[in-house]
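Visitor: My structure is stored as final-v6.cif, with mmCIF, C-alpha atoms (C1' of nucleotides).
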```cif
data_data
#
loop_
_atom_site.group_PDB
_atom_site.id
_atom_site.type_symbol
_atom_site.label_atom_id
_atom_site.label_comp_id
_atom_site.auth_asym_id
_atom_site.auth_seq_id
_atom_site.Cartn_x
_atom_site.Cartn_y
_atom_site.Cartn_z
ATOM 1 C CA MET G 1 178.248 215.813 153.902
ATOM 2 C CA ASP G 2 177.546 218.761 151.665
ATOM 3 C CA GLU G 3 174.476 219.693 153.645
ATOM 4 C CA LEU G 4 176.670 221.035 156.411
ATOM 5 C CA LEU G 5 176.927 224.768 156.804
ATOM 6 C CA PHE G 6 180.687 224.800 157.194
ATOM 7 C CA ASP G 7 183.250 222.542 155.604
ATOM 8 C CA VAL G 8 185.386 220.984 158.320
ATOM 9 C CA PHE G 9 187.795 219.834 155.690
ATOM 10 C CA ALA G 10 188.647 223.396 154.810
ATOM 11 C CA ARG G 11 191.622 225.071 156.389
ATOM 12 C CA ASN G 12 190.023 228.097 157.947
ATOM 13 C CA CYS G 13 186.740 226.607 159.015
ATOM 14 C CA PRO G 14 185.610 227.889 162.421
ATOM 15 C CA SER G 15 184.116 224.531 163.350
ATOM 16 C CA ARG G 16 187.430 222.825 162.679
ATOM 17 C CA GLU G 17 188.992 225.112 165.250
ATOM 18 C CA THR G 18 186.379 224.307 167.868
ATOM 19 C CA MET G 19 186.677 220.627 167.012
ATOM 20 C CA GLU G 20 190.361 220.835 167.789
ATOM 21 C CA HIS G 21 189.680 222.408 171.164
ATOM 22 C CA ALA G 22 187.091 219.781 172.036
ATOM 23 C CA THR G 23 188.964 216.784 170.679
ATOM 24 C CA GLY G 24 192.465 217.902 171.526
ATOM 25 C CA ARG G 25 194.619 215.911 173.861
ATOM 26 C CA TRP G 26 193.357 217.663 176.980
ATOM 27 C CA GLY G 27 190.069 219.128 175.769
ATOM 28 C CA THR G 28 188.350 215.769 175.595
ATOM 29 C CA LEU G 29 189.491 214.744 179.034
ATOM 30 C CA ALA G 30 188.511 218.050 180.612
ATOM 31 C CA LEU G 31 185.044 217.987 179.053
ATOM 32 C CA VAL G 32 184.384 214.389 180.005
ATOM 33 C CA ALA G 33 185.656 214.969 183.528
ATOM 34 C CA LEU G 34 183.197 217.836 183.905
ATOM 35 C CA ARG G 35 180.311 215.495 183.123
ATOM 36 C CA ASP G 36 180.592 214.377 186.732
ATOM 37 C CA GLY G 37 179.494 217.844 187.781
ATOM 38 C CA THR G 38 180.844 221.221 188.741
ATOM 39 C CA THR G 39 184.496 220.917 189.632
ATOM 40 C CA ARG G 40 187.195 223.145 190.983
ATOM 41 C CA PHE G 41 190.497 223.800 189.279
ATOM 42 C CA ASN G 42 192.710 221.595 191.384
ATOM 43 C CA ALA G 43 190.176 218.800 191.572
ATOM 44 C CA LEU G 44 190.110 218.790 187.799
ATOM 45 C CA ARG G 45 193.865 218.765 187.758
ATOM 46 C CA ARG G 46 193.968 215.687 189.937
ATOM 47 C CA ARG G 47 191.276 213.976 187.893
ATOM 48 C CA VAL G 48 193.048 214.420 184.576
ATOM 49 C CA ASP G 49 196.230 212.494 185.149
ATOM 50 C CA GLY G 50 199.331 214.087 183.699
ATOM 51 C CA ILE G 51 197.996 217.540 182.874
ATOM 52 C CA SER G 52 200.048 220.504 184.006
ATOM 53 C CA GLU G 53 198.594 223.646 185.539
ATOM 54 C CA LYS G 54 199.467 225.544 182.418
ATOM 55 C CA MET G 55 197.758 223.158 180.028
ATOM 56 C CA LEU G 56 194.652 222.872 182.199
ATOM 57 C CA SER G 57 194.428 226.620 182.377
ATOM 58 C CA GLN G 58 194.850 227.034 178.634
ATOM 59 C CA THR G 59 192.437 224.215 177.853
ATOM 60 C CA LEU G 60 189.731 225.598 180.101
ATOM 61 C CA GLN G 61 190.156 229.084 178.671
ATOM 62 C CA ALA G 62 189.756 227.815 175.108
ATOM 63 C CA LEU G 63 186.667 225.823 176.061
ATOM 64 C CA GLU G 64 185.215 228.734 177.977
ATOM 65 C CA ARG G 65 185.778 231.020 175.037
ATOM 66 C CA ASP G 66 183.967 228.605 172.736
ATOM 67 C CA GLY G 67 181.038 228.492 175.139
ATOM 68 C CA LEU G 68 181.497 224.861 176.142
ATOM 69 C CA VAL G 69 182.569 225.500 179.708
ATOM 70 C CA LEU G 70 181.281 227.946 182.295
ATOM 71 C CA ARG G 71 183.717 229.491 184.735
ATOM 72 C CA GLU G 72 182.406 230.944 187.974
ATOM 73 C CA ALA G 73 184.790 232.681 190.320
ATOM 74 C CA ARG G 74 183.807 233.750 193.803
ATOM 75 C CA PRO G 75 185.863 236.661 195.068
ATOM 76 C CA THR G 76 186.791 235.072 198.368
ATOM 77 C CA ILE G 77 190.119 234.467 200.004
ATOM 78 C CA PRO G 78 191.354 231.957 199.175
ATOM 79 C CA PRO G 79 189.814 232.084 195.678
ATOM 80 C CA HIS G 80 187.061 229.654 194.850
ATOM 81 C CA VAL G 81 186.595 228.903 191.139
ATOM 82 C CA GLU G 82 184.166 226.393 189.734
ATOM 83 C CA TYR G 83 183.995 224.976 186.271
ATOM 84 C CA SER G 84 180.946 223.361 184.743
ATOM 85 C CA LEU G 85 179.558 222.410 181.361
ATOM 86 C CA THR G 86 177.222 224.686 179.468
ATOM 87 C CA PRO G 87 174.298 222.937 177.725
ATOM 88 C CA LEU G 88 176.341 222.958 174.536
ATOM 89 C CA GLY G 89 179.376 221.654 176.385
ATOM 90 C CA ALA G 90 177.281 218.867 177.881
ATOM 91 C CA ALA G 91 176.130 217.844 174.412
ATOM 92 C CA VAL G 92 179.693 217.791 173.127
ATOM 93 C CA ALA G 93 180.959 215.953 176.193
ATOM 94 C CA GLY G 94 178.195 213.388 175.781
ATOM 95 C CA GLN G 95 179.218 212.742 172.228
ATOM 96 C CA LEU G 96 182.845 212.430 173.251
ATOM 97 C CA PHE G 97 181.930 210.078 176.040
ATOM 98 C CA GLY G 98 180.075 207.950 173.508
ATOM 99 C CA LEU G 99 183.266 207.736 171.537
ATOM 100 C CA ILE G 100 185.235 206.727 174.609
ATOM 101 C CA GLU G 101 182.713 204.040 175.484
ATOM 102 C CA LEU G 102 182.810 202.732 171.945
ATOM 103 C CA LEU G 103 186.574 202.601 171.900
ATOM 104 C CA GLU G 104 186.914 201.118 175.360
ATOM 105 C CA GLY G 105 184.438 198.410 174.517
ATOM 106 C CA ARG G 106 186.429 197.470 171.477
ATOM 107 C CA MET G 107 189.947 197.841 172.764
ATOM 108 C CA PRO G 108 190.546 194.096 172.401
ATOM 109 C CA GLU G 109 190.117 194.566 168.649
ATOM 110 C CA VAL G 110 192.507 197.495 168.678
ATOM 111 C CA ILE G 111 195.109 195.619 170.644
ATOM 112 C CA ALA G 112 194.797 192.600 168.373
ATOM 113 C CA ALA G 113 195.141 194.827 165.313
ATOM 114 C CA ARG G 114 198.302 196.348 166.719
ATOM 115 C CA GLU G 115 199.842 192.972 167.333
ATOM 116 C CA THR G 116 199.060 191.882 163.800
ATOM 117 C CA TYR G 117 200.484 195.108 162.428
ATOM 118 C CA ASP G 118 203.641 194.957 164.493
ATOM 119 C CA ALA G 119 204.288 191.335 163.549
ATOM 120 C CA ARG G 120 205.845 192.528 160.318
ATOM 121 C CA MET Q 1 182.226 206.107 184.505
ATOM 122 C CA ASP Q 2 183.775 203.477 186.725
ATOM 123 C CA GLU Q 3 182.134 200.697 184.782
ATOM 124 C CA LEU Q 4 184.610 201.216 181.973
ATOM 125 C CA LEU Q 5 187.356 198.666 181.530
ATOM 126 C CA PHE Q 6 190.130 201.203 181.130
ATOM 127 C CA ASP Q 7 190.496 204.608 182.709
ATOM 128 C CA VAL Q 8 190.953 207.188 179.984
ATOM 129 C CA PHE Q 9 191.973 209.697 182.583
ATOM 130 C CA ALA Q 10 195.039 207.656 183.422
ATOM 131 C CA ARG Q 11 198.320 208.448 181.773
ATOM 132 C CA ASN Q 12 199.197 205.129 180.228
ATOM 133 C CA CYS Q 13 195.763 203.993 179.210
ATOM 134 C CA PRO Q 14 195.774 202.242 175.820
ATOM 135 C CA SER Q 15 192.379 203.697 174.913
ATOM 136 C CA ARG Q 16 193.662 207.191 175.539
ATOM 137 C CA GLU Q 17 196.332 206.573 172.942
ATOM 138 C CA THR Q 18 193.828 205.376 170.364
ATOM 139 C CA MET Q 19 191.570 208.280 171.245
ATOM 140 C CA GLU Q 20 194.396 210.620 170.414
ATOM 141 C CA HIS Q 21 194.915 208.991 167.039
ATOM 142 C CA ALA Q 22 191.215 209.153 166.220
ATOM 143 C CA THR Q 23 190.564 212.629 167.582
ATOM 144 C CA GLY Q 24 193.869 214.183 166.659
ATOM 145 C CA ARG Q 25 194.053 217.100 164.290
ATOM 146 C CA TRP Q 26 194.296 214.934 161.175
ATOM 147 C CA GLY Q 27 192.915 211.628 162.444
ATOM 148 C CA THR Q 28 189.374 212.938 162.662
ATOM 149 C CA LEU Q 29 189.452 214.445 159.209
ATOM 150 C CA ALA Q 30 190.960 211.337 157.631
ATOM 151 C CA LEU Q 31 188.407 209.041 159.237
ATOM 152 C CA VAL Q 32 185.468 211.226 158.317
ATOM 153 C CA ALA Q 33 186.734 211.653 154.770
ATOM 154 C CA LEU Q 34 186.876 207.872 154.421
ATOM 155 C CA ARG Q 35 183.186 207.633 155.255
ATOM 156 C CA ASP Q 36 182.591 208.638 151.643
ATOM 157 C CA GLY Q 37 184.119 205.345 150.581
ATOM 158 C CA THR Q 38 187.395 203.785 149.588
ATOM 159 C CA THR Q 39 189.860 206.485 148.648
ATOM 160 C CA ARG Q 40 193.346 206.664 147.239
ATOM 161 C CA PHE Q 41 196.219 208.452 148.906
ATOM 162 C CA ASN Q 42 196.320 211.563 146.777
ATOM 163 C CA ALA Q 43 192.552 211.877 146.633
ATOM 164 C CA LEU Q 44 192.542 211.857 150.418
ATOM 165 C CA ARG Q 45 195.270 214.434 150.398
ATOM 166 C CA ARG Q 46 193.217 216.763 148.230
ATOM 167 C CA ARG Q 47 190.116 216.186 150.343
ATOM 168 C CA VAL Q 48 191.762 217.098 153.629
ATOM 169 C CA ASP Q 49 192.785 220.658 153.034
ATOM 170 C CA GLY Q 50 196.160 221.610 154.419
ATOM 171 C CA ILE Q 51 197.540 218.172 155.232
ATOM 172 C CA SER Q 52 201.047 217.402 154.042
ATOM 173 C CA GLU Q 53 202.062 214.091 152.492
ATOM 174 C CA LYS Q 54 204.063 213.300 155.564
ATOM 175 C CA MET Q 55 201.256 213.910 158.023
ATOM 176 C CA LEU Q 56 198.734 212.010 155.926
ATOM 177 C CA SER Q 57 201.101 209.085 155.721
ATOM 178 C CA GLN Q 58 201.766 209.088 159.455
ATOM 179 C CA THR Q 59 198.095 209.526 160.295
ATOM 180 C CA LEU Q 60 197.018 206.652 158.069
ATOM 181 C CA GLN Q 61 199.703 204.393 159.473
ATOM 182 C CA ALA Q 62 198.614 205.063 163.041
ATOM 183 C CA LEU Q 63 194.971 204.428 162.155
ATOM 184 C CA GLU Q 64 195.849 201.287 160.247
ATOM 185 C CA ARG Q 65 197.864 200.009 163.170
ATOM 186 C CA ASP Q 66 194.923 200.562 165.515
ATOM 187 C CA GLY Q 67 192.671 198.632 163.144
ATOM 188 C CA LEU Q 68 190.522 201.601 162.164
ATOM 189 C CA VAL Q 69 191.691 201.853 158.579
ATOM 190 C CA LEU Q 70 192.367 199.174 156.005
ATOM 191 C CA ARG Q 71 195.173 199.683 153.509
ATOM 192 C CA GLU Q 72 195.140 197.699 150.290
ATOM 193 C CA ALA Q 73 198.057 198.031 147.910
ATOM 194 C CA ARG Q 74 197.988 196.558 144.418
ATOM 195 C CA PRO Q 75 201.469 195.791 143.133
ATOM 196 C CA THR Q 76 201.037 197.600 139.842
ATOM 197 C CA ILE Q 77 203.078 200.291 138.161
ATOM 198 C CA PRO Q 78 202.272 202.967 138.982
ATOM 199 C CA PRO Q 79 201.266 201.870 142.497
ATOM 200 C CA HIS Q 80 197.592 201.791 143.365
ATOM 201 C CA VAL Q 81 196.810 202.031 147.080
ATOM 202 C CA GLU Q 82 193.342 202.235 148.526
ATOM 203 C CA TYR Q 83 192.301 203.190 152.008
ATOM 204 C CA SER Q 84 188.982 202.300 153.568
ATOM 205 C CA LEU Q 85 187.369 202.061 156.984
ATOM 206 C CA THR Q 86 187.218 198.809 158.895
ATOM 207 C CA PRO Q 87 183.923 198.103 160.691
ATOM 208 C CA LEU Q 88 185.470 199.494 163.855
ATOM 209 C CA GLY Q 89 186.786 202.513 161.960
ATOM 210 C CA ALA Q 90 183.339 203.122 160.518
ATOM 211 C CA ALA Q 91 181.839 203.109 163.990
ATOM 212 C CA VAL Q 92 184.436 205.558 165.239
ATOM 213 C CA ALA Q 93 184.066 207.759 162.166
ATOM 214 C CA GLY Q 94 180.303 207.756 162.619
ATOM 215 C CA GLN Q 95 180.663 208.951 166.174
ATOM 216 C CA LEU Q 96 183.105 211.640 165.093
ATOM 217 C CA PHE Q 97 180.797 212.736 162.340
ATOM 218 C CA GLY Q 98 178.025 213.035 164.898
ATOM 219 C CA LEU Q 99 180.241 215.383 166.831
ATOM 220 C CA ILE Q 100 180.958 217.453 163.742
ATOM 221 C CA GLU Q 101 177.264 217.703 162.912
ATOM 222 C CA LEU Q 102 176.492 218.736 166.454
ATOM 223 C CA LEU Q 103 179.159 221.404 166.455
ATOM 224 C CA GLU Q 104 178.358 222.701 162.993
ATOM 225 C CA GLY Q 105 174.707 222.999 163.878
ATOM 226 C CA ARG Q 106 175.570 225.064 166.908
ATOM 227 C CA MET Q 107 178.384 227.182 165.576
ATOM 228 C CA PRO Q 108 176.276 230.341 165.947
ATOM 229 C CA GLU Q 109 176.333 229.722 169.704
ATOM 230 C CA VAL Q 110 180.074 229.191 169.630
ATOM 231 C CA ILE Q 111 180.672 232.343 167.633
ATOM 232 C CA ALA Q 112 178.429 234.352 169.925
ATOM 233 C CA ALA Q 113 180.244 232.960 172.964
ATOM 234 C CA ARG Q 114 183.556 233.987 171.498
ATOM 235 C CA GLU Q 115 182.394 237.510 170.899
ATOM 236 C CA THR Q 116 181.132 237.791 174.453
ATOM 237 C CA TYR Q 117 184.393 236.399 175.795
ATOM 238 C CA ASP Q 118 186.586 238.650 173.672
ATOM 239 C CA ALA Q 119 184.611 241.729 174.642
ATOM 240 C CA ARG Q 120 186.635 241.911 177.838
ATOM 241 C "C1'" DC W 1 193.559 228.266 195.928
ATOM 242 C "C1'" DG W 2 193.907 229.433 191.310
ATOM 243 C "C1'" DG W 3 196.226 230.928 188.575
ATOM 244 C "C1'" DT W 4 200.289 233.773 185.488
ATOM 245 C "C1'" DA W 5 205.250 234.381 183.862
ATOM 246 C "C1'" DT W 6 209.302 232.486 182.329
ATOM 247 C "C1'" DC W 7 212.353 229.327 180.581
ATOM 248 C "C1'" DC W 8 213.640 225.623 177.756
ATOM 249 C "C1'" DG W 9 213.620 221.099 175.442
ATOM 250 C "C1'" DT W 10 211.361 218.222 172.026
ATOM 251 C "C1'" DA W 11 208.081 216.673 169.219
ATOM 252 C "C1'" DC W 12 205.262 217.931 165.733
ATOM 253 C "C1'" DT W 13 204.862 220.321 161.084
ATOM 254 C "C1'" DG W 14 205.447 221.528 156.557
ATOM 255 C "C1'" DA W 15 208.630 222.172 152.301
ATOM 256 C "C1'" DT W 16 211.458 220.227 149.515
ATOM 257 C "C1'" DA W 17 213.767 216.656 147.293
ATOM 258 C "C1'" DC W 18 214.089 212.078 146.133
ATOM 259 C "C1'" DT W 19 212.733 206.873 145.127
ATOM 260 C "C1'" DG W 20 210.413 202.472 143.475
ATOM 261 C "C1'" DC O 1 201.197 207.244 142.180
ATOM 262 C "C1'" DA O 2 202.474 206.603 146.757
ATOM 263 C "C1'" DG O 3 205.197 207.256 149.457
ATOM 264 C "C1'" DT O 4 210.228 208.008 152.357
ATOM 265 C "C1'" DA O 5 214.187 211.119 153.760
ATOM 266 C "C1'" DT O 6 215.927 215.140 155.352
ATOM 267 C "C1'" DC O 7 215.898 219.472 157.455
ATOM 268 C "C1'" DA O 8 214.587 223.892 159.635
ATOM 269 C "C1'" DG O 9 210.991 226.421 162.246
ATOM 270 C "C1'" DT O 10 207.641 226.663 165.681
ATOM 271 C "C1'" DA O 11 204.436 225.738 168.779
ATOM 272 C "C1'" DC O 12 203.383 222.622 172.182
ATOM 273 C "C1'" DG O 13 204.159 221.009 176.678
ATOM 274 C "C1'" DG O 14 206.297 220.540 181.327
ATOM 275 C "C1'" DA O 15 208.962 222.407 185.344
ATOM 276 C "C1'" DT O 16 209.685 225.998 188.173
ATOM 277 C "C1'" DA O 17 208.940 230.199 190.392
ATOM 278 C "C1'" DC O 18 206.056 233.673 191.685
ATOM 279 C "C1'" DC O 19 201.532 236.540 192.679
ATOM 280 C "C1'" DG O 20 196.741 238.051 194.390
#
```
For this file, write the structure as structure tokens.
Guide:
Amino acid sequence: MDELLFDVFARNCPSRETMEHATGRWGTLALVALRDGTTRFNALRRRVDGISEKMLSQTLQALERDGLVLREARPTIPPHVEYSLTPLGAAVAGQLFGLIELLEGRMPEVIAARETYDAR
Amino acid sequence: MDELLFDVFARNCPSRETMEHATGRWGTLALVALRDGTTRFNALRRRVDGISEKMLSQTLQALERDGLVLREARPTIPPHVEYSLTPLGAAVAGQLFGLIELLEGRMPEVIAARETYDAR
DNA sequence: CGGTATCCGTACTGATACTG
DNA sequence: CAGTATCAGTACGGATACCG
């Protein structure tokens, strides 16, 4: 663990900040949704169930700022804006998707654990 | 993506809930800290910089309930409580650590992206 | 269509104090 | 040591309305 350049456990670690953007409630879902390919704002909004316009906007801005997401706006009327993953974003999204797969595959264990825990 | 049992993108998906526990602000740090081995409450608290007793307690309870963390209390005075990863928790923590490594290794890209973004 | 601005409730957060 | 209880602040999040 000590061979890492930054210490995620430390308060003001820049990687901890980016981690929070990527693993936050909406960040993960946005990144994983973009693995399916370039997507427009409202399509993304429909894909990620429950996200508001505001949160999607904020999430995408944070991810764009960190260089995980690429935003391309065409100056047409009506506006046409496309979001996609940068190479770095694709790597992060892949890792996150691995986590989702892992968890989904083992949800029976999780559910069983919850029942055991709650039976007290 | 459709081959998954649950749909993380859906609002009331049980895996989305567990994802949020594991990837939440403190969940990730607690899980990764426990990769170093069985740890006591206050040791964990010192390791994860900035976490309050309350948040650590809540975080550990959520992870224990999901079957990611094992809590073992010895009825001594003073109390001696040890936290460790379950096999499932270890798998999740490993995946999260992979993400941290990835991000730490590429922080220069992130920092550069931020500077580009802010220069507008 | 793709946002931003505003309002407003609540849920999270951290200090502090206290207990077994 | 390992928590719980209580409380005040804030930042998160959603709904709505509006703009280019």
Visitor: Using all atoms listed in the file - which residues lie no farther than 12 Å from the point (206.7, 218.4, 170.6) in the file's frame? Write them as a list in words.
Guide: DG9, DT10, DA11, DC12 and DT13 of chain W; DT10, DA11, DC12, DG13 and DG14 of chain O
Visitor: Please identify every residue of chain W that has at least one atom no more than 9 Å from any atom of chain G, counting all atoms listed in the file, and report them as number ranges by chain.
Guide: W: 1-4
Visitor: If the PyMOL selection byres ((chain G and resi 63) around 10) were run on this exact file, what residues would it hold? Put them as an MDAnalysis selection string.
Guide: (chainID G and resid 18 21:22 27 30:31 58:62 64:71 85 89) or (chainID Q and resid 110 114)
Visitor: For chain G, list the residues within 9 Å of chain O, counting all atoms listed in the file, and write the list as a short mmCIF file (atom, residue, chain, number, x, y, z; two decimals) with C-alpha atoms, in the coordinates of the input.
Guide:
```cif
data_model
loop_
_atom_site.label_atom_id
_atom_site.label_comp_id
_atom_site.auth_asym_id
_atom_site.auth_seq_id
_atom_site.Cartn_x
_atom_site.Cartn_y
_atom_site.Cartn_z
CA ILE G 51 198.00 217.54 182.87
CA SER G 52 200.05 220.50 184.01
CA LYS G 54 199.47 225.54 182.42
CA MET G 55 197.76 223.16 180.03
#
```
Visitor: Please build the interface table for chain Q against chain G with a cut-off of 9 Å, listing for each qualifying residue the nearest atom pair and the distance in Å to one decimal; count all atoms listed in the file, order rows by chain and increasing number, and write it as a Markdown table.
Guide:
```
| residue | atom | partner | partner_atom | distance |
| --- | --- | --- | --- | --- |
| Q:Met1 | CA | G:Asp36 | CA | 8.7 |
| Q:Leu4 | CA | G:Glu104 | CA | 7.0 |
| Q:Leu5 | CA | G:Glu104 | CA | 6.7 |
| Q:Phe6 | CA | G:Glu104 | CA | 6.6 |
| Q:Asp7 | CA | G:Glu104 | CA | 8.9 |
| Q:Val8 | CA | G:Leu29 | CA | 7.8 |
| Q:Phe9 | CA | G:Val48 | CA | 5.2 |
| Q:Ala10 | CA | G:Asp49 | CA | 5.3 |
| Q:Arg11 | CA | G:Asp49 | CA | 5.7 |
| Q:Pro14 | CA | G:Met107 | CA | 7.9 |
| Q:Ser15 | CA | G:Glu104 | CA | 6.1 |
| Q:Arg16 | CA | G:Ile100 | CA | 8.5 |
| Q:Thr18 | CA | G:Leu103 | CA | 7.9 |
| Q:Met19 | CA | G:Ile100 | CA | 7.3 |
| Q:Glu20 | CA | G:Arg25 | CA | 6.3 |
| Q:Thr23 | CA | G:Thr23 | CA | 5.4 |
| Q:Gly24 | CA | G:Gly24 | CA | 6.3 |
| Q:Arg25 | CA | G:Glu20 | CA | 6.3 |
| Q:Thr28 | CA | G:Thr23 | CA | 8.9 |
| Q:Leu29 | CA | G:Phe9 | CA | 6.6 |
| Q:Ala33 | CA | G:Phe9 | CA | 8.3 |
| Q:Asp36 | CA | G:Met1 | CA | 8.7 |
| Q:Arg47 | CA | G:Phe9 | CA | 6.9 |
| Q:Val48 | CA | G:Phe9 | CA | 5.2 |
| Q:Asp49 | CA | G:Ala10 | CA | 5.3 |
| Q:Gly50 | CA | G:Arg11 | CA | 6.0 |
| Q:Glu64 | CA | G:Tyr117 | CA | 8.0 |
| Q:Arg65 | CA | G:Arg114 | CA | 5.1 |
| Q:Asp66 | CA | G:Val110 | CA | 5.0 |
| Q:Gly67 | CA | G:Ala113 | CA | 5.0 |
| Q:Leu68 | CA | G:Val110 | CA | 8.0 |
| Q:Leu88 | CA | G:Arg106 | CA | 7.9 |
| Q:Ala91 | CA | G:Leu102 | CA | 8.0 |
| Q:Val92 | CA | G:Leu99 | CA | 6.8 |
| Q:Gln95 | CA | G:Leu99 | CA | 6.1 |
| Q:Leu96 | CA | G:Leu99 | CA | 7.5 |
| Q:Gly98 | CA | G:Gln95 | CA | 7.4 |
| Q:Leu99 | CA | G:Gln95 | CA | 6.1 |
| Q:Ile100 | CA | G:Met19 | CA | 7.3 |
| Q:Glu101 | CA | G:Leu4 | CA | 7.3 |
| Q:Leu102 | CA | G:Val92 | CA | 7.5 |
| Q:Leu103 | CA | G:Ser15 | CA | 6.6 |
| Q:Glu104 | CA | G:Ser15 | CA | 6.1 |
| Q:Gly105 | CA | G:Leu5 | CA | 7.6 |
| Q:Arg106 | CA | G:Leu88 | CA | 8.0 |
| Q:Met107 | CA | G:Ser15 | CA | 6.7 |
| Q:Glu109 | CA | G:Gly67 | CA | 7.3 |
| Q:Val110 | CA | G:Asp66 | CA | 5.0 |
| Q:Ile111 | CA | G:Asp66 | CA | 7.1 |
| Q:Ala112 | CA | G:Gly67 | CA | 8.3 |
| Q:Ala113 | CA | G:Gly67 | CA | 5.0 |
| Q:Arg114 | CA | G:Arg65 | CA | 5.1 |
| Q:Glu115 | CA | G:Arg65 | CA | 8.4 |
| Q:Thr116 | CA | G:Arg65 | CA | 8.2 |
| Q:Tyr117 | CA | G:Arg65 | CA | 5.6 |
| Q:Asp118 | CA | G:Arg65 | CA | 7.8 |
```
Visitor: Provide the CA of Leu44 (chain Q) to CA of Tyr83 (chain Q) distance in Å, to one decimal place.
Guide: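 A separation of 8.8 Å between them.
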Visitor: Quote the spacing between CA of Arg120 (chain Q) and CA of Ser84 (chain G) in Å to one decimal place.
Guide: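 Calculated distance between CA of Arg120 (chain Q) and CA of Ser84 (chain G) is 20.6 Å.
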